[in-house]
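Asker: Submitted below is the structure of interest, expressed as structure tokens.
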Amino acid sequence: MKQLNIKFLLALLISMLGVKVSAHDIEVVNTDGKLIYYEFINNNTELAVSLRGTSGINYLNGYAGNVVIPESVTYNGTTYPVTNINWSAFRDCSGLTSIAIPNSVISIGEYAFSGCSGLTSITIPNSVTSIGSYAFRGCSGLTSIAIPNSVISIGEYAFSGCSGLTSITIGKNVKYIGVLSFTDSNLTTVISLIEDPFVINGGWGVFSQNTLYNATLYVPNGTLDKYKTTNGWNSFLFIEESGEKPETPTCEKPTISYKNSKLTYTSATEGAICVSTITNPDIGTFITNEMPLSVTYHISVYATKDGYNNSETATATLCWIEAEPRTEGIDNTSAASVRAQAVLIQSCGSSLTISGAEEGTPVSIYDTQGRMAGSVKASAGTTTINTTLRSGDIGIVKIGEKVVKYLLR
């Protein structure tokens, strides 16, 4: 009876404290060899990066070094978008130094990176709409943070204890900032892009007294009087309009090319680094005696740079077609001699571009009902096909005898 009472009281205490329990459903090795844990969400249609097991305390420092979160994960033949970073997913990973968050992520959960004291670089993409309470608390290695215009809500204590933080930029669409969000830091520069400032909790309730007395708050042109008369913001001693301080720039969308067995990504933004995810439906565990291979790679890549918003995501599909198609007489000893060509498929709106197909190769695209949406014969270099499909539609692309499913973007 005593043991039962203890269990009951423990359960009651957990419910009162609001402690969340989340377990990972799958674990997948990333393209850089790192193992990442995920939980299925939204009726098993999406994935959230999750802590391992049910308690991050059991697996401290589960992540270290540089971690790249992919835009999507293929598991058992199905591709799932990664849209959330769950509660405590990277909590107390003091060995984590940088994290790349893809444009597919819309929410950063509570305590997601809390206690990641070694984290020195992070770019929050312009897809995230909410940053949870305590999300970056104690990330003492961070020196600057740019909160993109997509963010609407910043939870309480979100960046508290970031003692190395000297500069923050707050996106123009933020509507809520929780109490103590930016306390216990050494901020010297606060840039607010909010054009209609709202009341924040008494100034000291969001920013440290040290920040209010010593940092300069830069606000959009024409809004100085609004900030000086809005509670919380008017606690700053130094407020200036910042016509010379532009909005956070965005990296240029990268281009994708393939030559000499190597993919190359190029962004026009100088110094930008491209982060790519490559999925292949051939990779997985299958229970079968025969396994047809598609030899098809789906590529997504975006550019990132400190102080910049992530670029739009560029996508492409890389596949191989036989230059001289034949199916008879090919065995294990002669398969290597079959001449194949690499073909790169990309889209822009309703148009497709095909690079690498031999001149004169017939190229057709169909909708999912089998209706012709466009056709052309490949020309030397790159061929463009105007289709009746729209961005977001799935097309069936036929290049010679090779058939590939492609999502237009």
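Scheme for the structure tokens: letters A, B, ... for chains in order shown; per-chain residue numbers from 1; ligand numbers from 1 in order shown.
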Mind checking which residues fall within 9 Å of Cys251 (chain A), counting only C-alpha atoms, ignoring those fewer than 4 positions away in the same chain, and posting them as JSON, numbers by chain?
Answerer: {"A": [267, 268, 269, 270, 272, 302, 303, 304, 305, 308, 309, 310, 311, 312]}
Asker: Find the spatial neighbours of Lys259 (chain A), counting only C-alpha atoms, within a cut-off of 10 Å - ignore same-chain residues fewer than 3 positions away - and output them as a list in words.
Answerer: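 Those residues are Lys262, Leu263, Thr264, Ala342 and Gly356 of chain A.
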Asker: Would you output that residue set with N, CA and C atoms, as a tab-separated table (two decimals), in the first residue's frame?
Answerer:
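Writing done, so here's selection.tsv:
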```
chain	number	residue	atom	x	y	z
A	262	LYS	N	30.50	14.19	-59.09
A	262	LYS	CA	30.47	15.06	-57.92
A	262	LYS	C	29.34	16.08	-58.05
A	263	LEU	N	28.56	16.19	-56.98
A	263	LEU	CA	27.55	17.23	-56.90
A	263	LEU	C	28.20	18.52	-56.42
A	264	THR	N	27.82	19.64	-57.03
A	264	THR	CA	28.35	20.94	-56.62
A	264	THR	C	27.19	21.88	-56.32
A	342	ALA	N	24.48	10.17	-66.22
A	342	ALA	CA	23.85	10.83	-65.08
A	342	ALA	C	22.96	11.95	-65.59
A	356	GLY	N	22.08	16.60	-68.86
A	356	GLY	CA	22.87	15.37	-68.96
A	356	GLY	C	22.34	14.35	-69.93
```
Asker: Show me a table, sorted first by chain and then by increasing residue number, of the residues of region 237-313 of chain A having an atom at most 9 Å from region 344-350 of chain A, each with its shortest atom pair and the distance in Å to one decimal, counting only C-alpha atoms and written as CSV.
Answerer:
```
residue,atom,partner,partner_atom,distance
A:Ile256,CA,A:Gln346,CA,8.6
A:Ser257,CA,A:Leu344,CA,7.6
A:Tyr258,CA,A:Leu344,CA,7.2
```
Asker: Suppose we keep N, CA and C atoms; can you now write the selection as a PDB file, in the first residue's frame?
Answerer:
```
ATOM      1  N   ILE A 256      22.353  23.719 -58.197  1.00  0.00           N
ATOM      2  CA  ILE A 256      22.856  22.352 -58.089  1.00  0.00           C
ATOM      3  C   ILE A 256      23.363  21.913 -59.459  1.00  0.00           C
ATOM      4  N   SER A 257      24.551  21.347 -59.487  1.00  0.00           N
ATOM      5  CA  SER A 257      25.084  20.799 -60.740  1.00  0.00           C
ATOM      6  C   SER A 257      25.805  19.488 -60.445  1.00  0.00           C
ATOM      7  N   TYR A 258      25.968  18.692 -61.479  1.00  0.00           N
ATOM      8  CA  TYR A 258      26.619  17.385 -61.319  1.00  0.00           C
ATOM      9  C   TYR A 258      27.614  17.196 -62.457  1.00  0.00           C
TER      10      TYR A 258
END
```
Asker: Residues of region 155-378 of chain A in helix (DSSP H, G or I) according to DSSP, as a ChimeraX atom specification?
Answerer: /A:209-214,224-228,233-235,335-337
Asker: Please write the residues from the selection above to a file, keeping N, CA and C atoms, as an mmCIF file, in the first residue's frame.
Answerer:
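In the end it all went to result.cif:
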```cif
data_model
loop_
_atom_site.group_PDB
_atom_site.id
_atom_site.type_symbol
_atom_site.label_atom_id
_atom_site.label_comp_id
_atom_site.auth_asym_id
_atom_site.auth_seq_id
_atom_site.Cartn_x
_atom_site.Cartn_y
_atom_site.Cartn_z
ATOM 1 N N GLN A 209 18.661 44.254 -16.014
ATOM 2 C CA GLN A 209 18.882 45.658 -15.696
ATOM 3 C C GLN A 209 20.149 46.156 -16.386
ATOM 4 N N ASN A 210 21.164 45.306 -16.437
ATOM 5 C CA ASN A 210 22.411 45.657 -17.105
ATOM 6 C C ASN A 210 22.173 46.015 -18.565
ATOM 7 N N THR A 211 21.289 45.243 -19.242
ATOM 8 C CA THR A 211 20.963 45.513 -20.649
ATOM 9 C C THR A 211 20.205 46.825 -20.787
ATOM 10 N N LEU A 212 19.222 47.044 -19.914
ATOM 11 C CA LEU A 212 18.393 48.250 -20.009
ATOM 12 C C LEU A 212 19.204 49.526 -19.794
ATOM 13 N N TYR A 213 20.248 49.435 -18.967
ATOM 14 C CA TYR A 213 21.024 50.622 -18.638
ATOM 15 C C TYR A 213 22.216 50.850 -19.559
ATOM 16 N N ASN A 214 22.674 49.811 -20.250
ATOM 17 C CA ASN A 214 23.913 49.944 -21.008
ATOM 18 C C ASN A 214 23.791 49.636 -22.500
ATOM 19 N N LEU A 224 10.441 55.682 -33.150
ATOM 20 C CA LEU A 224 11.117 56.043 -31.904
ATOM 21 C C LEU A 224 10.129 56.457 -30.817
ATOM 22 N N ASP A 225 9.160 57.313 -31.166
ATOM 23 C CA ASP A 225 8.187 57.774 -30.162
ATOM 24 C C ASP A 225 7.330 56.620 -29.644
ATOM 25 N N LYS A 226 6.992 55.677 -30.527
ATOM 26 C CA LYS A 226 6.195 54.517 -30.085
ATOM 27 C C LYS A 226 6.944 53.724 -29.011
ATOM 28 N N TYR A 227 8.238 53.475 -29.250
ATOM 29 C CA TYR A 227 9.019 52.697 -28.289
ATOM 30 C C TYR A 227 9.193 53.460 -26.973
ATOM 31 N N LYS A 228 9.324 54.775 -27.064
ATOM 32 C CA LYS A 228 9.532 55.571 -25.847
ATOM 33 C C LYS A 228 8.274 55.678 -24.991
ATOM 34 N N TRP A 233 9.664 48.504 -23.280
ATOM 35 C CA TRP A 233 10.669 49.025 -24.218
ATOM 36 C C TRP A 233 11.194 50.375 -23.722
ATOM 37 N N ASN A 234 10.317 51.176 -23.111
ATOM 38 C CA ASN A 234 10.753 52.503 -22.677
ATOM 39 C C ASN A 234 11.664 52.451 -21.449
ATOM 40 N N SER A 235 11.963 51.247 -20.957
ATOM 41 C CA SER A 235 12.919 51.116 -19.858
ATOM 42 C C SER A 235 14.368 51.190 -20.346
ATOM 43 N N ALA A 335 27.772 -6.299 -66.241
ATOM 44 C CA ALA A 335 26.972 -5.140 -65.858
ATOM 45 C C ALA A 335 27.807 -3.872 -65.777
ATOM 46 N N ALA A 336 29.064 -4.004 -65.352
ATOM 47 C CA ALA A 336 29.911 -2.830 -65.191
ATOM 48 C C ALA A 336 30.233 -2.164 -66.517
ATOM 49 N N SER A 337 30.061 -2.895 -67.617
ATOM 50 C CA SER A 337 30.407 -2.330 -68.919
ATOM 51 C C SER A 337 29.244 -1.616 -69.576
#
```
Asker: If you run DSSP on the backbone here, which positions in region 168-260 of chain A get strand (DSSP E)? Please write them as JSON, numbers by chain.
Answerer: {"A": [168, 169, 170, 176, 177, 189, 190, 191, 192, 216, 217, 218, 219, 238, 239, 240, 241, 255, 256, 257, 258, 259]}
Asker: Near Phe198 (chain A), within 9 Å and counting only C-alpha atoms, which residues show up once chain neighbours fewer than 6 positions away are dropped, as a list in words?
Answerer: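 Result of the neighbour search: Lys175, Tyr176, Tyr227, Thr230, Asn231, Gly232 and Trp233 of chain A.
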Asker: Write the residues of the selection above to a file with N, CA and C atoms, as a compact mmCIF listing (two decimals), in the first residue's frame.
Answerer:
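Full text of part_14.txt as output:
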```
# COMPACT_ATOMS: atom_id res chain seq x y z
N LYS A 175 5.06 38.75 -31.81
CA LYS A 175 3.88 39.30 -31.12
C LYS A 175 3.92 39.07 -29.61
N TYR A 176 4.80 38.15 -29.19
CA TYR A 176 4.84 37.83 -27.76
C TYR A 176 6.28 37.50 -27.36
N TYR A 227 8.24 53.47 -29.25
CA TYR A 227 9.02 52.70 -28.29
C TYR A 227 9.19 53.46 -26.97
N THR A 230 5.96 52.97 -24.92
CA THR A 230 5.42 51.61 -24.72
C THR A 230 6.13 50.96 -23.55
N ASN A 231 5.34 50.54 -22.55
CA ASN A 231 5.90 49.94 -21.34
C ASN A 231 6.82 48.76 -21.66
N GLY A 232 7.91 48.73 -20.94
CA GLY A 232 8.89 47.68 -21.15
C GLY A 232 10.00 48.16 -22.05
N TRP A 233 9.66 48.50 -23.28
CA TRP A 233 10.67 49.02 -24.22
C TRP A 233 11.19 50.37 -23.72
```
Asker: Residues near Ile299 (chain A), anyone? I mean within 6 Å using only C-alpha atoms, not counting same-chain ones fewer than 4 positions away, as number ranges by chain.
Answerer: A: 277-278, 315-317
Asker: Keeping N, CA and C atoms, export the residues of the selection given above as a PDB file, in the first residue's frame.
Answerer:
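Listing of result-v3.pdb after writing:
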```pdb
ATOM      1  N   THR A 277      20.621  17.521 -48.001  1.00  0.00           N
ATOM      2  CA  THR A 277      20.078  16.230 -47.582  1.00  0.00           C
ATOM      3  C   THR A 277      19.846  15.405 -48.840  1.00  0.00           C
ATOM      4  N   ILE A 278      20.351  14.179 -48.838  1.00  0.00           N
ATOM      5  CA  ILE A 278      20.186  13.285 -49.984  1.00  0.00           C
ATOM      6  C   ILE A 278      19.494  12.022 -49.501  1.00  0.00           C
ATOM      7  N   THR A 315      15.918  21.969 -54.867  1.00  0.00           N
ATOM      8  CA  THR A 315      15.758  20.518 -54.937  1.00  0.00           C
ATOM      9  C   THR A 315      16.124  20.012 -56.320  1.00  0.00           C
ATOM     10  N   ALA A 316      16.516  18.774 -56.376  1.00  0.00           N
ATOM     11  CA  ALA A 316      16.823  18.126 -57.655  1.00  0.00           C
ATOM     12  C   ALA A 316      16.748  16.620 -57.456  1.00  0.00           C
ATOM     13  N   THR A 317      16.620  15.907 -58.561  1.00  0.00           N
ATOM     14  CA  THR A 317      16.670  14.448 -58.554  1.00  0.00           C
ATOM     15  C   THR A 317      17.777  14.012 -59.510  1.00  0.00           C
TER      16      THR A 317
END
```
Asker: Env of Asn66 (chain A): 8 Å cut, atoms = only C-alpha atoms, seq-sep filter 4 positions within chain, self excluded. Answer as number ranges by chain.
Answerer: A: 96-99
Asker: Determine the nearest neighbour of Tyr366 (chain A) from the options A:Gly171, A:Thr383, A:Thr223, A:Gly395, counting only C-alpha atoms.
Answerer: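 Using only C-alpha atoms, Tyr366 (chain A) sits closest to A:Gly395.
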Asker: Distance CA of Ser375 (chain A)-CA of Tyr297 (chain A), one decimal place?
Answerer: 22.7 Å
